[in-house]
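**Q** Input file: coords35.csv. Contents: CSV, C-alpha atoms.
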chain,number,residue,atom,x,y,z
G,1,MET,CA,0.0,0.0,0.0
G,2,HIS,CA,2.9,2.4,0.9
G,3,MET,CA,4.7,1.6,-2.3
G,4,ASN,CA,1.5,2.2,-4.4
G,5,TRP,CA,1.1,5.6,-2.7
G,6,TYR,CA,4.7,6.5,-3.4
G,7,ARG,CA,4.5,5.5,-7.0
G,8,HIS,CA,1.3,7.5,-7.3
G,9,SER,CA,2.9,10.5,-5.6
G,10,LEU,CA,6.0,10.4,-7.7
G,11,PHE,CA,3.9,10.2,-10.9
G,12,ILE,CA,2.1,13.4,-9.8
G,13,VAL,CA,5.4,15.2,-9.1
G,14,LEU,CA,6.9,14.2,-12.5
G,15,SER,CA,3.6,15.3,-14.1
G,16,LEU,CA,4.3,18.8,-12.9
G,17,LEU,CA,6.7,19.1,-15.7
G,18,SER,CA,4.6,17.3,-18.3
G,19,VAL,CA,3.2,20.7,-19.4
G,20,VAL,CA,6.8,21.6,-20.1
G,21,LEU,CA,8.0,18.5,-21.9
G,22,VAL,CA,4.7,17.0,-23.3
G,23,ARG,CA,6.7,14.2,-24.9
G,24,ALA,CA,10.3,13.4,-24.2
G,25,GLU,CA,12.5,13.8,-27.3
G,26,GLU,CA,15.2,11.2,-27.9
G,27,GLU,CA,18.0,13.8,-28.0
G,28,ALA,CA,16.8,16.9,-26.1
G,29,THR,CA,19.1,19.8,-25.8
G,30,PRO,CA,20.8,19.9,-22.4
G,31,VAL,CA,20.0,22.9,-20.3
G,32,ARG,CA,22.8,24.2,-18.1
G,33,LEU,CA,21.6,26.6,-15.4
G,34,GLY,CA,23.6,28.4,-12.7
G,35,ALA,CA,22.2,27.7,-9.2
G,36,VAL,CA,23.1,30.6,-7.0
G,37,PHE,CA,22.6,29.8,-3.3
G,38,ASN,CA,24.3,30.9,-0.1
G,39,LEU,CA,25.5,27.8,1.7
G,40,THR,CA,27.0,29.8,4.5
G,41,GLY,CA,26.0,33.0,6.3
G,42,GLU,CA,22.6,34.2,7.6
G,43,LEU,CA,20.6,33.1,4.6
G,44,ALA,CA,22.0,29.6,4.4
G,45,VAL,CA,19.1,28.3,6.5
G,46,LEU,CA,16.8,29.3,3.6
G,47,ASP,CA,19.1,28.7,0.6
G,48,GLN,CA,20.2,25.2,1.5
G,49,THR,CA,16.7,23.8,1.4
G,50,SER,CA,15.9,25.9,-1.7
G,51,LEU,CA,18.9,24.4,-3.4
G,52,GLN,CA,17.7,20.9,-2.6
G,53,GLY,CA,14.3,21.7,-4.2
G,54,ALA,CA,16.1,22.9,-7.3
G,55,GLN,CA,18.2,19.8,-7.5
G,56,LEU,CA,15.0,17.6,-7.2
G,57,ALA,CA,13.4,19.6,-10.1
G,58,ALA,CA,16.5,19.1,-12.2
G,59,LYS,CA,16.4,15.3,-11.5
G,60,HIS,CA,12.7,15.1,-12.4
G,61,ALA,CA,13.1,17.1,-15.6
G,62,SER,CA,16.0,14.9,-16.6
G,63,ALA,CA,13.9,11.8,-15.9
G,64,MET,CA,11.2,13.2,-18.2
G,65,GLY,CA,13.6,13.5,-21.1
G,66,GLN,CA,15.0,17.0,-20.7
G,67,PRO,CA,18.6,16.8,-19.4
G,68,VAL,CA,19.2,19.6,-16.8
G,69,GLU,CA,22.6,20.4,-15.3
G,70,LEU,CA,22.6,22.7,-12.3
G,71,VAL,CA,26.0,24.3,-11.7
G,72,LEU,CA,26.2,25.4,-8.0
G,73,ILE,CA,27.4,28.9,-7.4
G,74,ASN,CA,27.9,29.3,-3.6
G,75,GLY,CA,27.3,33.0,-2.9
G,76,GLU,CA,28.6,32.7,0.7
G,77,SER,CA,26.2,35.5,1.7
G,78,ASP,CA,28.6,38.1,0.1
G,79,ALA,CA,27.4,40.4,-2.6
G,80,GLY,CA,30.9,41.0,-4.0
G,81,LEU,CA,31.6,37.3,-4.3
G,82,ILE,CA,28.2,36.7,-5.9
G,83,LYS,CA,28.9,39.2,-8.6
G,84,GLU,CA,32.3,37.7,-9.3
G,85,LYS,CA,31.1,34.1,-9.3
G,86,VAL,CA,28.1,34.8,-11.5
G,87,THR,CA,30.2,36.7,-14.0
G,88,ALA,CA,32.7,33.8,-14.0
G,89,PHE,CA,29.9,31.3,-14.5
G,90,PHE,CA,28.6,32.9,-17.7
G,91,GLU,CA,32.2,33.4,-19.0
G,92,GLU,CA,32.8,29.7,-18.5
G,93,HIS,CA,29.4,28.6,-19.7
G,94,PRO,CA,28.4,31.0,-22.5
G,95,ASP,CA,25.7,28.5,-23.6
G,96,SER,CA,23.7,28.9,-20.3
G,97,PRO,CA,20.6,31.1,-20.8
G,98,ALA,CA,20.0,31.9,-17.1
G,99,ILE,CA,20.7,31.5,-13.4
G,100,LEU,CA,18.3,31.0,-10.5
G,101,GLY,CA,18.2,31.1,-6.7
G,102,ILE,CA,18.8,33.2,-3.6
G,103,SER,CA,16.3,34.0,-0.9
G,104,GLY,CA,17.5,37.5,0.2
G,105,SER,CA,16.8,40.7,-1.7
G,106,ASP,CA,20.2,42.5,-1.2
G,107,LEU,CA,22.1,39.5,-2.5
G,108,ALA,CA,19.6,38.8,-5.2
G,109,ARG,CA,20.2,42.3,-6.5
G,110,ALA,CA,23.9,41.6,-6.7
G,111,ALA,CA,23.2,38.3,-8.6
G,112,GLY,CA,20.8,40.1,-11.0
G,113,GLN,CA,23.3,42.9,-11.7
G,114,ALA,CA,26.0,40.4,-12.6
G,115,ALA,CA,23.6,38.4,-14.8
G,116,ALA,CA,22.4,41.6,-16.6
G,117,GLY,CA,26.1,42.5,-17.2
G,118,GLN,CA,26.3,39.3,-19.2
G,119,GLU,CA,22.8,39.9,-20.8
G,120,ARG,CA,21.5,36.8,-19.1
G,121,THR,CA,18.2,36.2,-17.2
G,122,TYR,CA,18.1,35.8,-13.4
G,123,LEU,CA,15.0,34.2,-11.8
G,124,THR,CA,15.2,34.7,-8.0
G,125,SER,CA,13.5,31.8,-6.2
G,126,GLY,CA,12.8,33.5,-2.9
G,127,ALA,CA,13.9,37.2,-2.8
G,128,THR,CA,10.7,39.1,-2.3
G,129,SER,CA,11.5,42.8,-2.8
G,130,PRO,CA,9.1,44.1,-5.4
G,131,LYS,CA,11.7,46.7,-6.3
G,132,LEU,CA,14.1,44.2,-7.7
G,133,PRO,CA,12.8,44.2,-11.3
G,134,ASP,CA,13.3,48.0,-11.3
G,135,ASP,CA,16.7,47.7,-9.8
G,136,VAL,CA,17.7,45.2,-12.6
G,137,PRO,CA,15.4,46.0,-15.6
G,138,VAL,CA,14.7,43.5,-18.3
G,139,TYR,CA,16.8,40.6,-16.9
G,140,LEU,CA,15.4,39.9,-13.3
G,141,TYR,CA,12.2,38.0,-12.5
G,142,LEU,CA,10.7,36.7,-9.3
G,143,ALA,CA,9.3,33.2,-8.9
G,144,CYS,CA,7.8,34.3,-5.6
G,145,PHE,CA,5.3,37.1,-4.6
G,146,GLY,CA,6.6,40.5,-3.6
G,147,ASP,CA,6.9,41.9,-0.1
G,148,ASN,CA,4.1,44.4,-0.7
G,149,VAL,CA,1.7,41.4,-1.4
G,150,GLN,CA,2.6,39.4,1.7
G,151,ALA,CA,2.6,42.5,3.9
G,152,ALA,CA,-0.9,43.4,2.5
G,153,ALA,CA,-2.1,39.9,3.3
G,154,ALA,CA,-0.7,40.1,6.8
G,155,ALA,CA,-2.3,43.4,7.4
G,156,GLN,CA,-5.7,42.3,6.1
G,157,TRP,CA,-5.6,39.1,8.2
G,158,ALA,CA,-4.5,40.9,11.3
G,159,TYR,CA,-7.3,43.4,11.0
G,160,GLU,CA,-10.1,41.2,9.8
G,161,ASN,CA,-9.4,37.8,11.4
G,162,GLN,CA,-7.5,38.8,14.5
G,163,GLY,CA,-9.5,41.9,15.2
G,164,ALA,CA,-6.3,43.9,15.7
G,165,ARG,CA,-6.8,47.7,15.7
G,166,LYS,CA,-3.5,48.8,17.3
G,167,VAL,CA,-0.2,47.2,16.2
G,168,ALA,CA,3.4,47.7,17.5
G,169,VAL,CA,6.0,47.3,14.8
G,170,VAL,CA,9.5,45.8,15.5
G,171,TYR,CA,11.9,45.4,12.7
G,172,ASN,CA,15.6,44.6,11.8
G,173,PRO,CA,16.9,47.8,10.1
G,174,ASP,CA,19.9,46.0,8.5
G,175,HIS,CA,18.2,44.4,5.5
G,176,THR,CA,16.2,45.6,2.5
G,177,TYR,CA,13.7,42.8,3.1
G,178,THR,CA,12.8,43.8,6.6
G,179,ARG,CA,12.8,47.6,6.0
G,180,LEU,CA,10.4,47.2,3.1
G,181,LEU,CA,8.2,44.6,4.7
G,182,HIS,CA,7.4,46.6,7.8
G,183,GLN,CA,6.8,49.8,5.7
G,184,TYR,CA,4.4,47.9,3.4
G,185,PHE,CA,2.6,46.4,6.4
G,186,GLN,CA,2.2,49.8,8.0
G,187,GLU,CA,0.7,51.3,4.8
G,188,ALA,CA,-1.7,48.4,4.3
G,189,PHE,CA,-2.8,48.2,8.0
G,190,LYS,CA,-3.6,52.0,8.1
G,191,LYS,CA,-5.7,51.6,4.9
G,192,HIS,CA,-7.8,49.1,6.7
G,193,GLY,CA,-8.3,51.6,9.5
G,194,GLY,CA,-5.8,50.3,11.9
G,195,GLU,CA,-3.3,52.3,14.0
G,196,ILE,CA,0.5,51.8,14.3
G,197,VAL,CA,1.3,52.7,17.9
G,198,SER,CA,5.1,52.3,17.8
G,199,VAL,CA,7.9,51.4,15.5
G,200,THR,CA,11.0,50.0,17.1
G,201,PRO,CA,14.3,48.8,15.5
G,202,ILE,CA,16.0,45.6,16.7
G,203,VAL,CA,19.6,46.0,17.9
G,204,ALA,CA,21.2,43.7,15.4
G,205,GLU,CA,24.3,42.6,17.4
G,206,THR,CA,22.3,41.2,20.3
G,207,TYR,CA,18.8,41.1,18.9
G,208,GLY,CA,17.9,43.3,21.9
G,209,ILE,CA,14.7,45.3,21.6
G,210,ASP,CA,14.0,48.6,23.3
G,211,THR,CA,10.7,47.3,24.8
G,212,ASP,CA,10.0,50.4,26.7
G,213,SER,CA,9.0,52.1,23.4
G,214,ILE,CA,6.4,49.5,22.5
G,215,ALA,CA,3.1,50.9,23.6
G,216,GLU,CA,0.1,48.7,24.5
G,217,ALA,CA,-1.0,47.0,21.3
G,218,ASP,CA,-3.3,44.2,20.1
G,219,LEU,CA,-0.6,42.6,18.0
G,220,ILE,CA,3.2,42.9,17.3
G,221,PHE,CA,4.4,42.9,13.7
G,222,LEU,CA,8.0,41.6,13.8
G,223,ALA,CA,10.0,41.9,10.6
G,224,SER,CA,13.0,39.6,10.9
G,225,GLU,CA,15.3,38.4,8.1
G,226,ALA,CA,15.6,34.7,9.0
G,227,THR,CA,14.2,32.3,11.5
G,228,ASN,CA,17.2,32.1,13.8
G,229,GLY,CA,17.1,35.8,14.4
G,230,THR,CA,13.3,35.7,14.7
G,231,VAL,CA,13.6,33.2,17.6
G,232,LYS,CA,15.9,35.5,19.5
G,233,ALA,CA,13.6,38.5,19.0
G,234,VAL,CA,10.5,36.4,20.0
G,235,ARG,CA,12.3,35.3,23.2
G,236,THR,CA,13.2,38.9,24.0
G,237,LEU,CA,9.6,40.1,23.6
G,238,ARG,CA,8.2,37.2,25.7
G,239,GLU,CA,10.7,37.7,28.4
G,240,ALA,CA,9.8,41.4,28.5
G,241,GLY,CA,6.3,40.3,29.3
G,242,PHE,CA,4.6,40.9,25.9
G,243,THR,CA,2.0,38.3,25.4
G,244,GLN,CA,0.3,39.6,22.2
G,245,PRO,CA,0.2,37.6,19.0
G,246,ILE,CA,3.4,38.0,16.9
G,247,LEU,CA,3.1,38.2,13.2
G,248,GLY,CA,5.8,38.3,10.5
G,249,GLY,CA,6.8,37.4,7.0
G,250,ASP,CA,8.3,34.5,5.1
G,251,GLY,CA,11.7,34.9,6.7
G,252,TYR,CA,10.1,32.9,9.6
G,253,ASP,CA,9.6,29.9,7.3
G,254,THR,CA,12.0,27.3,8.6
G,255,PRO,CA,9.9,24.7,10.5
G,256,SER,CA,13.0,22.8,11.6
G,257,VAL,CA,14.3,25.8,13.5
G,258,TRP,CA,11.0,26.3,15.3
G,259,ALA,CA,10.9,22.6,16.1
G,260,LYS,CA,14.3,23.0,17.9
G,261,ASN,CA,13.0,26.1,19.8
G,262,ALA,CA,9.6,24.9,21.1
G,263,ASP,CA,10.1,27.1,24.2
G,264,THR,CA,9.2,30.1,22.1
G,265,GLY,CA,5.6,29.1,22.9
G,266,GLY,CA,2.7,30.0,20.6
G,267,ASP,CA,0.6,32.8,19.1
G,268,ILE,CA,3.2,33.3,16.4
G,269,TYR,CA,2.0,33.7,12.8
G,270,TYR,CA,3.7,34.4,9.5
G,271,THR,CA,3.0,34.8,5.8
G,272,THR,CA,4.7,32.5,3.3
G,273,HIS,CA,4.5,31.0,-0.1
G,274,ALA,CA,2.7,27.7,0.6
G,275,TYR,CA,2.1,25.2,3.4
G,276,ILE,CA,4.4,22.3,2.5
G,277,ALA,CA,3.4,19.5,4.8
G,278,PRO,CA,1.8,16.0,4.5
G,279,ASP,CA,-1.5,17.2,5.8
G,280,ASN,CA,-1.9,19.6,3.0
G,281,PRO,CA,-4.8,18.2,0.9
G,282,ASN,CA,-3.3,19.5,-2.4
G,283,PRO,CA,-2.1,16.4,-4.3
G,284,VAL,CA,0.7,18.4,-6.0
G,285,VAL,CA,2.1,19.4,-2.6
G,286,LYS,CA,1.6,15.9,-1.1
G,287,ALA,CA,3.5,14.4,-4.0
G,288,PHE,CA,6.3,17.0,-3.8
G,289,TYR,CA,6.6,16.4,-0.1
G,290,GLN,CA,6.9,12.6,-0.5
G,291,ALA,CA,9.4,12.8,-3.3
G,292,TYR,CA,11.6,15.4,-1.3
G,293,VAL,CA,11.6,13.3,1.9
G,294,LEU,CA,12.6,10.2,-0.1
G,295,GLU,CA,15.3,12.0,-2.1
G,296,PHE,CA,17.0,13.7,0.9
G,297,ASN,CA,16.9,10.8,3.4
G,298,GLY,CA,14.0,12.0,5.6
G,299,LEU,CA,14.6,15.7,5.5
G,300,LYS,CA,11.4,17.7,5.4
G,301,PRO,CA,10.8,20.4,2.8
G,302,ASP,CA,9.5,23.9,3.4
G,303,SER,CA,8.2,26.6,1.1
G,304,PHE,CA,11.7,27.6,0.1
G,305,SER,CA,12.3,24.0,-1.0
G,306,ALA,CA,9.2,24.4,-3.1
G,307,LEU,CA,10.3,27.8,-4.5
G,308,GLY,CA,13.6,26.3,-5.6
G,309,TYR,CA,11.7,23.5,-7.3
G,310,ASP,CA,9.3,25.9,-9.0
G,311,ALA,CA,12.0,28.3,-10.2
G,312,THR,CA,14.0,25.4,-11.8
G,313,GLY,CA,10.8,24.1,-13.4
G,314,MET,CA,9.8,27.5,-14.7
G,315,LEU,CA,13.1,27.9,-16.5
G,316,VAL,CA,12.9,24.4,-18.0
G,317,ASP,CA,9.4,25.3,-19.1
G,318,ALA,CA,10.7,28.5,-20.7
G,319,VAL,CA,13.4,26.6,-22.6
G,320,LYS,CA,10.8,24.1,-23.9
G,321,ARG,CA,8.5,26.9,-25.1
G,322,ALA,CA,11.4,28.8,-26.6
G,323,GLY,CA,12.5,25.7,-28.5
G,324,SER,CA,16.1,26.4,-27.7
G,325,THR,CA,18.6,27.6,-25.0
G,326,ASP,CA,19.0,30.9,-26.7
G,327,SER,CA,19.1,33.4,-23.9
G,328,VAL,CA,16.8,36.0,-25.5
G,329,ALA,CA,14.3,33.4,-26.6
G,330,VAL,CA,14.3,31.9,-23.1
G,331,ARG,CA,13.8,35.2,-21.4
G,332,GLU,CA,10.9,36.1,-23.6
G,333,ALA,CA,9.3,32.8,-23.0
G,334,LEU,CA,9.8,33.2,-19.2
G,335,GLY,CA,8.0,36.5,-19.3
G,336,GLN,CA,5.0,34.9,-21.1
G,337,THR,CA,4.6,32.2,-18.4
G,338,LYS,CA,0.9,31.6,-17.8
G,339,ASP,CA,-0.8,29.1,-15.4
G,340,TYR,CA,2.4,27.3,-14.6
G,341,PRO,CA,1.4,24.5,-12.1
G,342,GLY,CA,3.9,25.2,-9.4
G,343,VAL,CA,4.1,23.6,-6.0
G,344,THR,CA,3.7,27.1,-4.5
G,345,GLY,CA,0.6,27.7,-6.6
G,346,THR,CA,-0.3,28.5,-10.2
G,347,ILE,CA,2.2,31.0,-11.5
G,348,THR,CA,1.4,33.7,-14.1
G,349,TYR,CA,3.1,37.0,-15.1
G,350,VAL,CA,0.4,39.6,-15.9
G,351,GLY,CA,0.7,42.6,-18.1
G,352,GLY,CA,4.5,42.5,-18.5
G,353,SER,CA,5.1,42.4,-14.7
G,354,HIS,CA,8.2,40.4,-13.6
G,355,ILE,CA,6.5,39.5,-10.3
G,356,PRO,CA,3.9,36.7,-10.5
G,357,LEU,CA,0.3,36.9,-9.2
G,358,LYS,CA,0.1,34.4,-6.4
G,359,PRO,CA,-1.9,33.9,-3.1
G,360,VAL,CA,-0.3,34.1,0.3
G,361,ALA,CA,-0.4,31.4,3.0
G,362,ILE,CA,-0.8,32.2,6.7
G,363,LEU,CA,0.9,29.7,9.0
G,364,ALA,CA,0.9,29.5,12.8
G,365,VAL,CA,3.7,28.4,15.2
G,366,ASN,CA,2.8,26.8,18.6
G,367,ASP,CA,5.3,25.1,20.8
G,368,GLY,CA,7.6,24.5,17.8
G,369,GLN,CA,4.9,23.1,15.6
G,370,VAL,CA,3.9,24.8,12.4
G,371,SER,CA,0.3,24.5,11.1
G,372,PHE,CA,-1.8,26.0,8.3
G,373,VAL,CA,-4.2,28.8,9.1
G,374,GLU,CA,-5.6,30.0,5.8
G,375,GLU,CA,-4.8,31.4,2.4
G,376,VAL,CA,-5.2,35.1,1.6
G,377,LEU,CA,-5.3,37.0,-1.7
G,378,PRO,CA,-5.1,40.6,-0.5
G,379,LYS,CA,-7.8,43.0,-1.6
G,380,GLN,CA,-5.5,46.0,-1.8
G,381,VAL,CA,-1.7,46.0,-2.2
G,382,PRO,CA,0.7,49.0,-1.7
G,383,LYS,CA,2.7,50.0,-4.7
G,384,PRO,CA,6.3,48.8,-4.8
Can you present the structure in this file as structure tokens?

**A**
Amino acid sequence: MHMNWYRHSLFIVLSLLSVVLVRAEEEATPVRLGAVFNLTGELAVLDQTSLQGAQLAAKHASAMGQPVELVLINGESDAGLIKEKVTAFFEEHPDSPAILGISGSDLARAAGQAAAGQERTYLTSGATSPKLPDDVPVYLYLACFGDNVQAAAAAQWAYENQGARKVAVVYNPDHTYTRLLHQYFQEAFKKHGGEIVSVTPIVAETYGIDTDSIAEADLIFLASEATNGTVKAVRTLREAGFTQPILGGDGYDTPSVWAKNADTGGDIYYTTHAYIAPDNPNPVVKAFYQAYVLEFNGLKPDSFSALGYDATGMLVDAVKRAGSTDSVAVREALGQTKDYPGVTGTITYVGGSHIPLKPVAILAVNDGQVSFVEEVLPKQVPKP
């Protein structure tokens, strides 16, 4: 029974790319893609799992008849190194049409600038700044939603579902992601009629928080770059006596870190790209989850794993529709992506936008366990 379920699940996962390949050709043109991920530094916790998702997608595409070679470019969480390594990759592999990867906006900008310098496409799997396509015109695309979208979803959910009317904002000032996220949240929450009672920066070196400046609020919006830092900030808030719900963005989405820090308690919520778990009824998600766990010896995927998988699949899809690995043809095909059946949702670029239209998942953390709350498509979204 278990083997039958696995075979059924694997068939569904492989079928995700059937719209790309339709029928395997005997001698398909190999696709070489640069996979830019940070295996060390603050974003490694997100990029390592995203890389594994990309590797799984490449394996599935190859099994379906389209050979895919992912060439790892370890960014080491250093913008200068990323620029050097991306440039060197394209010089070494001039036949490659594109690179993908990275989950942080500042480092994604560096990767995009280097790719643009070589007139090649960059598809960021998890960097969510909606300003990135303007920072790197023509060549940079997002496989994920923008921060203005997830912040709008968070604000709408806080106001309508949590009944929050007064919110205290706490944020890390050292990253583009966190600076934009809390600003978009404030704008969206005010439009709903809510009040921002205080805005407090985190002291980055110690993750200390000037809690005296946080006035009484119904909810705390905590904009933190990655889950390890979020855990420290949550502990600081709880130890200071703040018991309100804490809400944040997709930087929280590393379930394995929460599982190791169950003492953070509950009433913690965050927006993210999808709920990747075995109890998700979506058959595509179920199949991806099963295939990932099998491929990586029991490791559990998260939404960044799924984003890595989707980004790789989207580029393979673009190559198939372009009919070649010509960089211009692939970039044009990517921009015309419509109804791509991703693990993180159906992906479409609308009206020339380089940011896809996608729903936002709300997840909860209680005693180290992550669970699904609901999916939100925000009614109003701040401009980038």

**Q** Considering all atoms listed in the file, can you say which of G:Ala311, G:Cys144, G:Val36, G:Ala57 comes closest to Leu107 in chain G?

**A**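 Looking at the shortest contact to Leu107 in chain G, the residue is G:Val36.
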
**Q** Write out as number ranges by chain which residues come within 12 Å of Asp250 in chain G when counting all atoms listed in the file, dropping same-chain ones fewer than 4 positions away.

**A** G: 46, 103-104, 126-129, 144-147, 149-151, 153-154, 177-178, 181, 222-227, 230, 254-255, 269-275, 302-304, 307, 360-364

**Q** I'd like to know which of G:Leu357, G:Ala262, G:Ala277, G:Ala61 is closest to Thr312 in chain G, using only C-alpha atoms.

**A**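 Under the stated criterion, the closest residue is G:Ala61.
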
**Q** Would you mind reading off the distance between CA of Pro201 in chain G and CA of Ala164 in chain G, one decimal, in Å?

**A**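 We find that CA of Pro201 in chain G and CA of Ala164 in chain G lie 21.2 Å from each other.
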
**Q** Find the residue from G:Gln244, G:Ser327, G:Gln48, G:Asn280 that sits nearest to Pro97 in chain G; use only C-alpha atoms when measuring.

**A**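 Answer, going by the shortest atom-to-atom distance: G:Ser327.
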
**Q** Which residue gives the smallest distance to Ala44 in chain G among G:Glu76, G:Asp135, G:Glu187, G:Glu92, with only C-alpha atoms counted?

**A**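 So, comparing all the options, the nearest one is G:Glu76.
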
**Q** CA of Asp174 in chain G to CA of Asp47 in chain G: how many Å, to one decimal?

**A**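 Straight-line distance from CA of Asp174 in chain G to CA of Asp47 in chain G works out to 19.0 Å.
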
**Q** Choose the residue, out of G:Gly112, G:Pro382, G:Gly41, G:Gly308, that has the smallest atom-to-atom separation from Leu132 in chain G; count all atoms listed in the file.

**A** G:Gly112

**Q** Between CA of Val68 in chain G and CA of Phe288 in chain G, what distance in Å does the model show, to one decimal?

**A** 18.5 Å

**Q** Looking at G:Thr344, G:Thr236, G:Ser50, G:Asn261, which one is nearest to Asn282 in chain G, with distances taken over only C-alpha atoms?

**A** G:Thr344

**Q** Show which residues sit within 12 Å of Glu216 in chain G, as a list in words. Count all atoms listed in the file, and ignore same-chain residues fewer than 2 positions away.

**A**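 So, after excluding close chain neighbours, the residues are Ala164, Arg165, Lys166, Val167, Ala168, Val169, Glu195, Ile196, Val197, Ser198, Thr211, Asp212, Ser213, Ile214, Asp218, Leu219, Ile220, Gly241, Phe242, Thr243 and Gln244 of chain G.
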
**Q** Just write the chosen residues, C-alpha atoms, as a PDB file, in the frame of the given file.

**A**
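Okay, result_34.pdb is ready:
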ATOM      1  CA  ALA G 164      -6.300  43.900  15.700  1.00  0.00           C
ATOM      2  CA  ARG G 165      -6.800  47.700  15.700  1.00  0.00           C
ATOM      3  CA  LYS G 166      -3.500  48.800  17.300  1.00  0.00           C
ATOM      4  CA  VAL G 167      -0.200  47.200  16.200  1.00  0.00           C
ATOM      5  CA  ALA G 168       3.400  47.700  17.500  1.00  0.00           C
ATOM      6  CA  VAL G 169       6.000  47.300  14.800  1.00  0.00           C
ATOM      7  CA  GLU G 195      -3.300  52.300  14.000  1.00  0.00           C
ATOM      8  CA  ILE G 196       0.500  51.800  14.300  1.00  0.00           C
ATOM      9  CA  VAL G 197       1.300  52.700  17.900  1.00  0.00           C
ATOM     10  CA  SER G 198       5.100  52.300  17.800  1.00  0.00           C
ATOM     11  CA  THR G 211      10.700  47.300  24.800  1.00  0.00           C
ATOM     12  CA  ASP G 212      10.000  50.400  26.700  1.00  0.00           C
ATOM     13  CA  SER G 213       9.000  52.100  23.400  1.00  0.00           C
ATOM     14  CA  ILE G 214       6.400  49.500  22.500  1.00  0.00           C
ATOM     15  CA  ASP G 218      -3.300  44.200  20.100  1.00  0.00           C
ATOM     16  CA  LEU G 219      -0.600  42.600  18.000  1.00  0.00           C
ATOM     17  CA  ILE G 220       3.200  42.900  17.300  1.00  0.00           C
ATOM     18  CA  GLY G 241       6.300  40.300  29.300  1.00  0.00           C
ATOM     19  CA  PHE G 242       4.600  40.900  25.900  1.00  0.00           C
ATOM     20  CA  THR G 243       2.000  38.300  25.400  1.00  0.00           C
ATOM     21  CA  GLN G 244       0.300  39.600  22.200  1.00  0.00           C
TER      22      GLN G 244
END
